[in-house]
Each structure stands twice: as C-alpha cells, then as structure tokens.
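A.B. asks: For reference, the structure I am asking about is given below.
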Amino acid sequence: EVANAKSYVWTLPNGMSGSSTTNSISVDFANDATSGEITVKAVNDCNETEVVKLAITVKPLIGAIGTISGNTTVCAGEKGITYTIAEVANAKSYVWTLPNGMSGSSTTNSISVDFANGAQSGEIAVKAVNDCNETDTVKLAVFVKPLIGTIGAIAGSDTICAGSKAVTYSVEAVANAKSYVWTLPNGLSGSSTTNSISVDFANDAQSGEIAVKAVNDCNETLVSKLLLTVIAKPVTPLITRDVNILHSSATQGNQWYNSKGLINGATDQNYTVIENEDYYVVVTINGCSSDKSNVIKVTNTS
C-alpha cells in the first residue's frame with residue numbers, strides 16, 4: 001500500500017478486463033488477449049504517484065485440430081507408414097497414441113509407424129498441446145490385413161495312370177489365405193483358386209510336378225510341390241475271331257469281358273467262347289488299363 005493513498009488507478013491493455021480502486025486488481029484475459037503492460041498509480045486529494053508498469057506476456061490458446069490423414073488399410077509387417085495432421089495454430093507439441101502392434105514416436109504433426117507381423121486393427125490418435133491448453137483428441141481407424149500362414153504338403157496320389165480323370169489334390173487350408181494358385185505340368189488340366197483341385201490326365205500326359213501357393217493381399221507362401229509319376233496307358237488291343245476262339249493283339253495283361261461284365265479267369269491272350277455274346281478285352285499293365293478293344297458279336301457258337 002502507498003502511504004496516504006486515497007485510491008489507485010489501474011490501466012489494462014486490450015483483451016484484459018478488470019476494475020479496482022485498491023492496491024489489488026483481479027484481471028480476466030480474453031481468448032484473444034495479447035501481451036501488453038498493466039499500469040497503476042496511487043492518488044489522493046493532493047497529488048499522485050508516478051505510474052508503475054508490469055509487462056505481461058500472454059500465451060495464446062491453441063487452435064482447432066483437424067483430421068488424421070494416412071492409409072486406413074495396411075498389411076501387417078509394413079514399415080514406415082506416415083500419418084499426419086495439419087499444423088495446429090499455437091501448438092507447442094503433439095501427443096500420438098498407437099495401439100498394440102504399432103510402433104513409432106513423434107512430437108510433431110507427423111509420425112512414421114511400423115506395423116509388427118502380428119499387429120491388429122485399431123485406432124491411431126493424436127492431440128496438440130501448448131503451455132495453456134490442449135485440443136480434443138482425434139482418431140483414425142486403421143484396418144490391418146494379416147500376414148499369410150505357412151503352406152503344407154500336397155496330398156494326393158503321386159503315381160497316376162495316363163488318361164485318369166478327376167484326380168483330387170489338396171493342401172491344408174492356410175491361415176489368412178485369400179486364394180490359391182495351382183500350376184500343372186503339360187498334359188494335366190484343371191482349375192481352382194481353393195486349397196483343392198480336380199485334375200484330368202490326358203492320354204499322353206507326362207510325369208512332372210504339380211505346385212501350389214497360397215496368396216492374400218499382403219504376401220504369399222512358398223510354393224509347395226508334388227512330383228507325379230505318370231504311367232503310360234497301354235495300347236488299345238485289337239481282337240479277332242477264328243471259329244470259337246477270340247484272339248487279342250496284346251501278349252499280356254488281357255482281361256476278357258462280355259455284355260454281362262468281367263469274365264472270371266479269362267486273362268489269356270486267347271479266349272474260347274461258349275455262348276452267344278458281345279465280347280471285348282481290356283489290357284492292364286502296371287496297374288493302368290487301356291481303352292476297351294473292338295467288340296465282336298458272337299451269334300453262332302453252336
């Protein structure tokens with residue numbers, strides 16, 4: 001207090017408000033207040049003091065925060081993915097928050113994020129701060145596509161007769177696979193984007209490798225292969241008749257048939273007919289059968 005003072009005269013710069021005639025004043029600072037000088041003098045009925053001043057530095061309020069920009073869909077395992085927001089007026093620093101499986105550090109309006117192989121989908125968040133206040137927290141949902149699993153061995157017969165149809169090959173379903181890519185050697189045909197394929201073998205199919213890999217939007221597995229041994233189809237036999245004896249052009253592997261089906265025990269090159277019927281022969285060598293021969297119709301066995 002000033003001796004003999006009757007009152008005090010306070011002066012406030014623009015953006016500051018308050019009123020007092022005592023030696024103390026309570027001041028409100030508007031949101032747009034700027035730095036300036038607070039002054040005061042003491043007065044009585046005879047004279048007044050000199051004016052004293054106090055320089056006030058007003059720290060500005062922080063501005064409004066915008067939205068986060070950056071990829072909203074990424075693959076697990078990706079590195080150095082950048083996320084940013086527009087610079088916030090009067091911000092001193094930025095606080096970024098990342099979900100589990102994502103890593104990165106920044107106090108600026110931009111951050112570089114690494115996604116672990118096991119990263120899960122989640123929200124990236126950020127707020128801007130200064131010495132006076134902070135913005136709301138803004139968030140960006142990021143969908144993380146998982147890495148593909150490991151492919152197993154191909155299941156199916158590795159020894160096949162040429163001419164075989166609808167032979168199935170498969171692998172166990174691969175975790176996170178979107179589709180499968182099958183590759184077949186010459187002479188084999190079939191199409192599939194699943195973990196199973198039905199394969200037809202041409203009559204002239206050759207041995208080779210059947211292969212498959214699983215893929216998704218992020219990566220693909222190694223290629224799994226199965227070596228196939230294709231056994232040639234025996235030549236289609238020709239049969240002829242001499243009285244009641246039927247003769248096959250094949251020297252081995254014969255099996256005689258009539259319209260009723262397989263004739264038990266009729267496996268020689270020649271067959272003696274005992275009834276009127278339609279006859280043909282099929283040759284089987286190394287487990288693979290020929291097409292059936294021509295048919296001879298017998299009507300006069302008597």
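Just remember, in the structure tokens the first chain shown is A, the second B, etc., residues are 1-based per chain, and ligands are 1-based in the order shown.
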Which residues come within 10 Å of segment 241-246 of chain A, counting only C-alpha atoms, excluding same-chain residues fewer than 4 positions away, as a PDB file with all heavy atoms, in the first residue's frame?

C.D. replies:
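Generated output (selection-v8.pdb):
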ATOM      1  N   TRP A 256     -10.859-110.472 -70.402  1.00  0.00           N
ATOM      2  CA  TRP A 256     -11.977-110.546 -71.334  1.00  0.00           C
ATOM      3  C   TRP A 256     -13.283-110.166 -70.637  1.00  0.00           C
ATOM      4  O   TRP A 256     -13.493-110.440 -69.456  1.00  0.00           O
ATOM      5  CB  TRP A 256     -12.075-111.965 -71.912  1.00  0.00           C
ATOM      6  CG  TRP A 256     -10.918-112.278 -72.814  1.00  0.00           C
ATOM      7  CD1 TRP A 256      -9.742-112.848 -72.473  1.00  0.00           C
ATOM      8  CD2 TRP A 256     -10.862-112.015 -74.214  1.00  0.00           C
ATOM      9  NE1 TRP A 256      -8.905-112.975 -73.559  1.00  0.00           N
ATOM     10  CE2 TRP A 256      -9.589-112.451 -74.662  1.00  0.00           C
ATOM     11  CE3 TRP A 256     -11.740-111.456 -75.157  1.00  0.00           C
ATOM     12  CZ2 TRP A 256      -9.174-112.364 -75.985  1.00  0.00           C
ATOM     13  CZ3 TRP A 256     -11.334-111.366 -76.478  1.00  0.00           C
ATOM     14  CH2 TRP A 256     -10.074-111.800 -76.883  1.00  0.00           C
ATOM     15  N   GLN A 269      -4.308-114.573 -73.701  1.00  0.00           N
ATOM     16  CA  GLN A 269      -4.371-113.834 -74.956  1.00  0.00           C
ATOM     17  C   GLN A 269      -5.532-114.323 -75.812  1.00  0.00           C
ATOM     18  O   GLN A 269      -6.117-113.553 -76.570  1.00  0.00           O
ATOM     19  CB  GLN A 269      -3.044-113.965 -75.717  1.00  0.00           C
ATOM     20  CG  GLN A 269      -2.956-113.067 -76.945  1.00  0.00           C
ATOM     21  CD  GLN A 269      -1.578-113.102 -77.582  1.00  0.00           C
ATOM     22  OE1 GLN A 269      -0.711-113.916 -77.214  1.00  0.00           O
ATOM     23  NE2 GLN A 269      -1.340-112.216 -78.545  1.00  0.00           N
ATOM     24  N   ASN A 270      -5.862-115.633 -75.654  1.00  0.00           N
ATOM     25  CA  ASN A 270      -6.981-116.207 -76.396  1.00  0.00           C
ATOM     26  C   ASN A 270      -8.111-116.558 -75.438  1.00  0.00           C
ATOM     27  O   ASN A 270      -7.882-116.889 -74.265  1.00  0.00           O
ATOM     28  CB  ASN A 270      -6.557-117.467 -77.143  1.00  0.00           C
ATOM     29  CG  ASN A 270      -5.532-117.163 -78.229  1.00  0.00           C
ATOM     30  OD1 ASN A 270      -5.612-116.132 -78.890  1.00  0.00           O
ATOM     31  ND2 ASN A 270      -4.569-118.068 -78.407  1.00  0.00           N
ATOM     32  N   TYR A 271      -9.332-116.486 -75.974  1.00  0.00           N
ATOM     33  CA  TYR A 271     -10.494-116.884 -75.183  1.00  0.00           C
ATOM     34  C   TYR A 271     -11.433-117.684 -76.077  1.00  0.00           C
ATOM     35  O   TYR A 271     -11.770-117.247 -77.193  1.00  0.00           O
ATOM     36  CB  TYR A 271     -11.220-115.664 -74.621  1.00  0.00           C
ATOM     37  CG  TYR A 271     -12.472-116.022 -73.874  1.00  0.00           C
ATOM     38  CD1 TYR A 271     -12.407-116.685 -72.650  1.00  0.00           C
ATOM     39  CD2 TYR A 271     -13.737-115.721 -74.403  1.00  0.00           C
ATOM     40  CE1 TYR A 271     -13.562-117.041 -71.971  1.00  0.00           C
ATOM     41  CE2 TYR A 271     -14.890-116.066 -73.720  1.00  0.00           C
ATOM     42  CZ  TYR A 271     -14.796-116.731 -72.503  1.00  0.00           C
ATOM     43  OH  TYR A 271     -15.944-117.094 -71.841  1.00  0.00           O
ATOM     44  N   THR A 272     -11.860-118.841 -75.555  1.00  0.00           N
ATOM     45  CA  THR A 272     -12.786-119.690 -76.294  1.00  0.00           C
ATOM     46  C   THR A 272     -14.202-119.373 -75.828  1.00  0.00           C
ATOM     47  O   THR A 272     -14.529-119.513 -74.640  1.00  0.00           O
ATOM     48  CB  THR A 272     -12.486-121.176 -76.056  1.00  0.00           C
ATOM     49  OG1 THR A 272     -11.145-121.454 -76.480  1.00  0.00           O
ATOM     50  CG2 THR A 272     -13.455-122.048 -76.837  1.00  0.00           C
ATOM     51  N   VAL A 273     -15.024-118.937 -76.765  1.00  0.00           N
ATOM     52  CA  VAL A 273     -16.381-118.545 -76.413  1.00  0.00           C
ATOM     53  C   VAL A 273     -17.247-119.780 -76.239  1.00  0.00           C
ATOM     54  O   VAL A 273     -17.048-120.797 -76.914  1.00  0.00           O
ATOM     55  CB  VAL A 273     -16.985-117.628 -77.484  1.00  0.00           C
ATOM     56  CG1 VAL A 273     -16.183-116.340 -77.599  1.00  0.00           C
ATOM     57  CG2 VAL A 273     -17.066-118.315 -78.841  1.00  0.00           C
ATOM     58  N   ILE A 274     -18.195-119.696 -75.321  1.00  0.00           N
ATOM     59  CA  ILE A 274     -19.087-120.826 -75.066  1.00  0.00           C
ATOM     60  C   ILE A 274     -20.551-120.415 -75.153  1.00  0.00           C
ATOM     61  O   ILE A 274     -21.443-121.228 -74.941  1.00  0.00           O
ATOM     62  CB  ILE A 274     -18.801-121.448 -73.689  1.00  0.00           C
ATOM     63  CG1 ILE A 274     -18.969-120.402 -72.587  1.00  0.00           C
ATOM     64  CG2 ILE A 274     -17.409-122.076 -73.652  1.00  0.00           C
ATOM     65  CD1 ILE A 274     -18.842-120.981 -71.193  1.00  0.00           C
ATOM     66  N   GLU A 275     -20.786-119.135 -75.426  1.00  0.00           N
ATOM     67  CA  GLU A 275     -22.157-118.687 -75.571  1.00  0.00           C
ATOM     68  C   GLU A 275     -22.199-117.487 -76.510  1.00  0.00           C
ATOM     69  O   GLU A 275     -21.185-116.807 -76.733  1.00  0.00           O
ATOM     70  CB  GLU A 275     -22.763-118.312 -74.217  1.00  0.00           C
ATOM     71  CG  GLU A 275     -22.049-117.194 -73.497  1.00  0.00           C
ATOM     72  CD  GLU A 275     -22.694-116.838 -72.160  1.00  0.00           C
ATOM     73  OE1 GLU A 275     -23.923-116.986 -72.043  1.00  0.00           O
ATOM     74  OE2 GLU A 275     -21.965-116.395 -71.264  1.00  0.00           O
ATOM     75  N   TYR A 279     -18.259-109.613 -77.134  1.00  0.00           N
ATOM     76  CA  TYR A 279     -17.005-109.782 -76.405  1.00  0.00           C
ATOM     77  C   TYR A 279     -16.024-108.645 -76.736  1.00  0.00           C
ATOM     78  O   TYR A 279     -15.964-108.155 -77.872  1.00  0.00           O
ATOM     79  CB  TYR A 279     -16.359-111.125 -76.761  1.00  0.00           C
ATOM     80  CG  TYR A 279     -17.166-112.317 -76.289  1.00  0.00           C
ATOM     81  CD1 TYR A 279     -18.113-112.914 -77.132  1.00  0.00           C
ATOM     82  CD2 TYR A 279     -16.984-112.847 -75.014  1.00  0.00           C
ATOM     83  CE1 TYR A 279     -18.863-114.003 -76.704  1.00  0.00           C
ATOM     84  CE2 TYR A 279     -17.732-113.938 -74.579  1.00  0.00           C
ATOM     85  CZ  TYR A 279     -18.670-114.500 -75.434  1.00  0.00           C
ATOM     86  OH  TYR A 279     -19.408-115.581 -75.005  1.00  0.00           O
ATOM     87  N   TYR A 280     -15.257-108.270 -75.702  1.00  0.00           N
ATOM     88  CA  TYR A 280     -14.146-107.328 -75.909  1.00  0.00           C
ATOM     89  C   TYR A 280     -13.107-107.599 -74.827  1.00  0.00           C
ATOM     90  O   TYR A 280     -13.339-108.385 -73.894  1.00  0.00           O
ATOM     91  CB  TYR A 280     -14.617-105.875 -75.861  1.00  0.00           C
ATOM     92  CG  TYR A 280     -15.206-105.423 -74.542  1.00  0.00           C
ATOM     93  CD1 TYR A 280     -14.403-104.832 -73.560  1.00  0.00           C
ATOM     94  CD2 TYR A 280     -16.571-105.576 -74.277  1.00  0.00           C
ATOM     95  CE1 TYR A 280     -14.940-104.420 -72.359  1.00  0.00           C
ATOM     96  CE2 TYR A 280     -17.115-105.152 -73.073  1.00  0.00           C
ATOM     97  CZ  TYR A 280     -16.300-104.575 -72.120  1.00  0.00           C
ATOM     98  OH  TYR A 280     -16.830-104.162 -70.930  1.00  0.00           O
ATOM     99  N   VAL A 281     -11.952-106.955 -74.919  1.00  0.00           N
ATOM    100  CA  VAL A 281     -10.869-107.178 -73.969  1.00  0.00           C
ATOM    101  C   VAL A 281     -10.289-105.823 -73.549  1.00  0.00           C
ATOM    102  O   VAL A 281     -10.312-104.853 -74.328  1.00  0.00           O
ATOM    103  CB  VAL A 281      -9.765-108.080 -74.568  1.00  0.00           C
ATOM    104  CG1 VAL A 281      -8.923-107.323 -75.596  1.00  0.00           C
ATOM    105  CG2 VAL A 281      -8.862-108.642 -73.476  1.00  0.00           C
ATOM    106  N   ILE A 296     -16.594-107.933 -80.653  1.00  0.00           N
ATOM    107  CA  ILE A 296     -17.006-108.969 -81.595  1.00  0.00           C
ATOM    108  C   ILE A 296     -18.305-109.599 -81.081  1.00  0.00           C
ATOM    109  O   ILE A 296     -18.376-110.046 -79.934  1.00  0.00           O
ATOM    110  CB  ILE A 296     -15.920-110.047 -81.754  1.00  0.00           C
ATOM    111  CG1 ILE A 296     -14.716-109.444 -82.497  1.00  0.00           C
ATOM    112  CG2 ILE A 296     -16.471-111.259 -82.522  1.00  0.00           C
ATOM    113  CD1 ILE A 296     -13.586-110.432 -82.716  1.00  0.00           C
ATOM    114  N   LYS A 297     -19.304-109.604 -81.962  1.00  0.00           N
ATOM    115  CA  LYS A 297     -20.604-110.162 -81.598  1.00  0.00           C
ATOM    116  C   LYS A 297     -20.646-111.604 -82.087  1.00  0.00           C
ATOM    117  O   LYS A 297     -20.529-111.898 -83.283  1.00  0.00           O
ATOM    118  CB  LYS A 297     -21.712-109.354 -82.249  1.00  0.00           C
ATOM    119  CG  LYS A 297     -23.116-109.760 -81.807  1.00  0.00           C
ATOM    120  CD  LYS A 297     -24.133-108.826 -82.466  1.00  0.00           C
ATOM    121  CE  LYS A 297     -25.534-109.122 -81.990  1.00  0.00           C
ATOM    122  NZ  LYS A 297     -25.748-108.818 -80.558  1.00  0.00           N
ATOM    123  N   VAL A 298     -20.772-112.542 -81.146  1.00  0.00           N
ATOM    124  CA  VAL A 298     -20.818-113.967 -81.461  1.00  0.00           C
ATOM    125  C   VAL A 298     -22.277-114.433 -81.428  1.00  0.00           C
ATOM    126  O   VAL A 298     -22.967-114.292 -80.417  1.00  0.00           O
ATOM    127  CB  VAL A 298     -19.960-114.803 -80.488  1.00  0.00           C
ATOM    128  CG1 VAL A 298     -20.090-116.282 -80.782  1.00  0.00           C
ATOM    129  CG2 VAL A 298     -18.499-114.337 -80.573  1.00  0.00           C
ATOM    130  N   ASN A 300     -23.166-117.611 -83.260  1.00  0.00           N
ATOM    131  CA  ASN A 300     -23.265-118.976 -83.784  1.00  0.00           C
ATOM    132  C   ASN A 300     -22.285-119.935 -83.108  1.00  0.00           C
ATOM    133  O   ASN A 300     -21.569-120.687 -83.747  1.00  0.00           O
ATOM    134  CB  ASN A 300     -23.019-118.998 -85.290  1.00  0.00           C
ATOM    135  CG  ASN A 300     -21.659-118.393 -85.662  1.00  0.00           C
ATOM    136  OD1 ASN A 300     -21.012-117.770 -84.816  1.00  0.00           O
ATOM    137  ND2 ASN A 300     -21.251-118.580 -86.906  1.00  0.00           N
ATOM    138  N   THR A 301     -22.225-119.879 -81.788  1.00  0.00           N
ATOM    139  CA  THR A 301     -21.306-120.775 -81.093  1.00  0.00           C
ATOM    140  C   THR A 301     -21.676-122.226 -81.274  1.00  0.00           C
ATOM    141  O   THR A 301     -20.845-123.129 -81.139  1.00  0.00           O
ATOM    142  CB  THR A 301     -21.295-120.460 -79.571  1.00  0.00           C
ATOM    143  OG1 THR A 301     -22.632-120.551 -79.085  1.00  0.00           O
ATOM    144  CG2 THR A 301     -20.723-119.091 -79.313  1.00  0.00           C
ATOM    145  N   SER A 302     -22.940-122.508 -81.575  1.00  0.00           N
ATOM    146  CA  SER A 302     -23.344-123.901 -81.756  1.00  0.00           C
ATOM    147  C   SER A 302     -22.832-124.468 -83.069  1.00  0.00           C
ATOM    148  O   SER A 302     -22.888-125.670 -83.253  1.00  0.00           O
ATOM    149  CB  SER A 302     -24.868-124.002 -81.714  1.00  0.00           C
ATOM    150  OG  SER A 302     -25.464-123.245 -82.741  1.00  0.00           O
TER     151      SER A 302
END

A.B. asks: List the neighbours of Cys75 of chain A out to 7 Å using only C-alpha atoms; skip same-chain residues closer than 4 positions along the sequence, and give me the result as a list in words.

C.D. replies: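 With the cut-off at 7 Å, the set is Val144, Lys145, Pro146 and Cys218 of chain A.
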
A.B. asks: At a cut-off of 12 Å, using only C-alpha atoms, what residues contact Lys233 of chain A? Leave out same-chain residues fewer than 3 positions from it and give the result as a ChimeraX atom specification.

C.D. replies: /A:160-164,201-206,230,236-237,282-292

A.B. asks: Could you write out the selected residues, including N, CA and C atoms, as a short mmCIF file (atom, residue, chain, number, x, y, z; two decimals), in the first residue's frame?

C.D. replies:
data_model
loop_
_atom_site.label_atom_id
_atom_site.label_comp_id
_atom_site.auth_asym_id
_atom_site.auth_seq_id
_atom_site.Cartn_x
_atom_site.Cartn_y
_atom_site.Cartn_z
N ILE A 160 0.14 -92.05 -61.14
CA ILE A 160 -1.15 -91.94 -61.81
C ILE A 160 -1.07 -92.54 -63.21
N CYS A 161 -2.16 -93.13 -63.62
CA CYS A 161 -2.25 -93.63 -64.98
C CYS A 161 -2.64 -92.51 -65.93
N ALA A 162 -1.96 -92.44 -67.07
CA ALA A 162 -2.37 -91.51 -68.11
C ALA A 162 -3.83 -91.78 -68.46
N GLY A 163 -4.58 -90.71 -68.71
CA GLY A 163 -5.99 -90.85 -69.02
C GLY A 163 -6.91 -90.80 -67.82
N SER A 164 -6.35 -90.78 -66.60
CA SER A 164 -7.19 -90.71 -65.39
C SER A 164 -7.93 -89.38 -65.34
N PHE A 201 -5.93 -86.18 -66.46
CA PHE A 201 -4.66 -86.53 -67.11
C PHE A 201 -4.95 -86.94 -68.55
N ALA A 202 -4.33 -86.27 -69.49
CA ALA A 202 -4.50 -86.63 -70.90
C ALA A 202 -3.88 -88.01 -71.14
N ASN A 203 -4.28 -88.63 -72.25
CA ASN A 203 -3.72 -89.96 -72.58
C ASN A 203 -2.22 -89.92 -72.79
N ASP A 204 -1.71 -88.74 -73.19
CA ASP A 204 -0.27 -88.60 -73.42
C ASP A 204 0.41 -87.79 -72.31
N ALA A 205 -0.25 -87.68 -71.15
CA ALA A 205 0.33 -86.92 -70.04
C ALA A 205 1.70 -87.49 -69.64
N GLN A 206 2.61 -86.57 -69.26
CA GLN A 206 3.95 -86.97 -68.85
C GLN A 206 4.14 -86.68 -67.36
N VAL A 230 3.67 -90.42 -64.03
CA VAL A 230 2.54 -90.79 -64.88
C VAL A 230 2.90 -92.05 -65.65
N THR A 236 -4.47 -99.67 -77.01
CA THR A 236 -5.78 -100.32 -77.11
C THR A 236 -5.65 -101.60 -77.95
N PRO A 237 -6.04 -102.76 -77.39
CA PRO A 237 -5.88 -104.01 -78.12
C PRO A 237 -6.92 -104.15 -79.25
N VAL A 282 -9.81 -105.76 -72.30
CA VAL A 282 -9.11 -104.60 -71.77
C VAL A 282 -7.76 -105.07 -71.26
N VAL A 283 -6.70 -104.32 -71.59
CA VAL A 283 -5.34 -104.69 -71.19
C VAL A 283 -4.92 -103.81 -70.01
N THR A 284 -4.41 -104.44 -68.94
CA THR A 284 -3.92 -103.72 -67.77
C THR A 284 -2.46 -104.07 -67.54
N ILE A 285 -1.59 -103.04 -67.54
CA ILE A 285 -0.15 -103.21 -67.31
C ILE A 285 0.29 -102.16 -66.28
N ASN A 286 1.02 -102.62 -65.25
CA ASN A 286 1.50 -101.73 -64.19
C ASN A 286 0.35 -100.94 -63.54
N GLY A 287 -0.80 -101.63 -63.45
CA GLY A 287 -1.94 -101.01 -62.78
C GLY A 287 -2.73 -100.04 -63.63
N CYS A 288 -2.37 -99.87 -64.89
CA CYS A 288 -3.07 -98.95 -65.77
C CYS A 288 -3.74 -99.72 -66.89
N SER A 289 -4.98 -99.33 -67.19
CA SER A 289 -5.78 -100.07 -68.15
C SER A 289 -5.94 -99.31 -69.46
N SER A 290 -5.99 -100.07 -70.54
CA SER A 290 -6.22 -99.50 -71.86
C SER A 290 -7.70 -99.17 -72.04
N ASP A 291 -7.99 -98.51 -73.13
CA ASP A 291 -9.37 -98.42 -73.56
C ASP A 291 -9.81 -99.81 -74.00
N LYS A 292 -11.12 -100.07 -73.99
CA LYS A 292 -11.57 -101.40 -74.39
C LYS A 292 -11.38 -101.59 -75.89
#

A.B. asks: I need the residue nearest Leu228 of chain A from this list: A:Gly208, A:Gly187, A:Gly77, A:Gly149. Use only C-alpha atoms for the distance.

C.D. replies: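 Between A:Gly208, A:Gly187, A:Gly77, A:Gly149, the residue approaching Leu228 of chain A most closely is A:Gly208.
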
A.B. asks: Residues near Ala155 of chain A, anyone? I mean within 9 Å using only C-alpha atoms, not counting same-chain ones fewer than 3 positions away, as a VMD selection string.

C.D. replies: chain A and resid 158 168 to 172 226

A.B. asks: Rank nothing, just name the residue among A:Thr159, A:Asn258, A:Asn294, A:Asn216 nearest to Val181 of chain A, using only C-alpha atoms.

C.D. replies: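 Using only C-alpha atoms, the shortest distance to Val181 of chain A belongs to A:Asn216.
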
A.B. asks: Can you work out the spacing between atom CA of Thr82 of chain A and atom CA of Asn133 of chain A in Å, to one decimal?

C.D. replies: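 Value for the atom CA of Thr82 of chain A-atom CA of Asn133 of chain A distance: 26.3 Å.
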
A.B. asks: Considering only C-alpha atoms, can you say which of A:Asn130, A:Thr39, A:Thr193, A:Gln120 comes closest to Leu61 of chain A?

C.D. replies: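 Going through A:Asn130, A:Thr39, A:Thr193, A:Gln120 one by one, the smallest distance to Leu61 of chain A is for A:Asn130.
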
A.B. asks: Tell me, as a PDB file with N, CA and C atoms, in the first residue's frame, which residues lie within 12 Å of Asp32 of chain A, counting only C-alpha atoms; anything in the same chain fewer than 3 positions away does not count.

C.D. replies:
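The resulting file, around_33.pdb, is shown below:
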ATOM      1  N   ASN A  14      -5.718  -3.869 -24.156  1.00  0.00           N
ATOM      2  CA  ASN A  14      -6.829  -4.555 -24.828  1.00  0.00           C
ATOM      3  C   ASN A  14      -6.772  -6.056 -24.589  1.00  0.00           C
ATOM      4  N   GLY A  15      -7.937  -6.632 -24.392  1.00  0.00           N
ATOM      5  CA  GLY A  15      -8.005  -8.078 -24.179  1.00  0.00           C
ATOM      6  C   GLY A  15      -7.962  -8.450 -22.719  1.00  0.00           C
ATOM      7  N   MET A  16      -7.695  -7.488 -21.838  1.00  0.00           N
ATOM      8  CA  MET A  16      -7.706  -7.746 -20.401  1.00  0.00           C
ATOM      9  C   MET A  16      -8.801  -6.883 -19.777  1.00  0.00           C
ATOM     10  N   ASP A  28      -9.203 -10.543 -15.912  1.00  0.00           N
ATOM     11  CA  ASP A  28      -9.602 -11.600 -16.830  1.00  0.00           C
ATOM     12  C   ASP A  28      -8.937 -11.369 -18.183  1.00  0.00           C
ATOM     13  N   PHE A  29      -8.436 -12.454 -18.767  1.00  0.00           N
ATOM     14  CA  PHE A  29      -7.786 -12.379 -20.078  1.00  0.00           C
ATOM     15  C   PHE A  29      -8.709 -13.003 -21.118  1.00  0.00           C
ATOM     16  N   SER A  35      -0.122  -9.772 -25.477  1.00  0.00           N
ATOM     17  CA  SER A  35       0.814  -9.254 -24.465  1.00  0.00           C
ATOM     18  C   SER A  35       0.707  -7.731 -24.369  1.00  0.00           C
ATOM     19  N   VAL A  58       1.324 -12.783 -22.745  1.00  0.00           N
ATOM     20  CA  VAL A  58       0.122 -13.630 -22.850  1.00  0.00           C
ATOM     21  C   VAL A  58       0.387 -14.766 -23.829  1.00  0.00           C
ATOM     22  N   LYS A  59       0.341 -15.984 -23.315  1.00  0.00           N
ATOM     23  CA  LYS A  59       0.493 -17.148 -24.188  1.00  0.00           C
ATOM     24  C   LYS A  59      -0.835 -17.430 -24.876  1.00  0.00           C
ATOM     25  N   PRO A  60      -0.832 -17.620 -26.197  1.00  0.00           N
ATOM     26  CA  PRO A  60      -2.104 -17.790 -26.910  1.00  0.00           C
ATOM     27  C   PRO A  60      -2.721 -19.163 -26.677  1.00  0.00           C
ATOM     28  N   LEU A  61      -4.037 -19.236 -26.806  1.00  0.00           N
ATOM     29  CA  LEU A  61      -4.719 -20.523 -26.775  1.00  0.00           C
ATOM     30  C   LEU A  61      -4.395 -21.311 -28.031  1.00  0.00           C
ATOM     31  N   ILE A  62      -4.476 -22.623 -27.915  1.00  0.00           N
ATOM     32  CA  ILE A  62      -4.180 -23.489 -29.051  1.00  0.00           C
ATOM     33  C   ILE A  62      -5.348 -23.472 -30.031  1.00  0.00           C
ATOM     34  N   GLY A  63      -5.056 -23.688 -31.318  1.00  0.00           N
ATOM     35  CA  GLY A  63      -6.097 -23.693 -32.346  1.00  0.00           C
ATOM     36  C   GLY A  63      -6.855 -25.006 -32.392  1.00  0.00           C
TER      37      GLY A  63
END

A.B. asks: Write down as an NGL selection string the residues of segment 33-70 of chain A whose backbone DSSP state falls under strand (DSSP E).

C.D. replies: :A and (36-43 or 52-56)

A.B. asks: Let me make sure I understand: among A:Thr97, A:Ser224, A:Ser112, A:Ser179, which one has the smallest atom-to-atom distance to Gly152 of chain A if we use only C-alpha atoms?

C.D. replies: A:Ser224
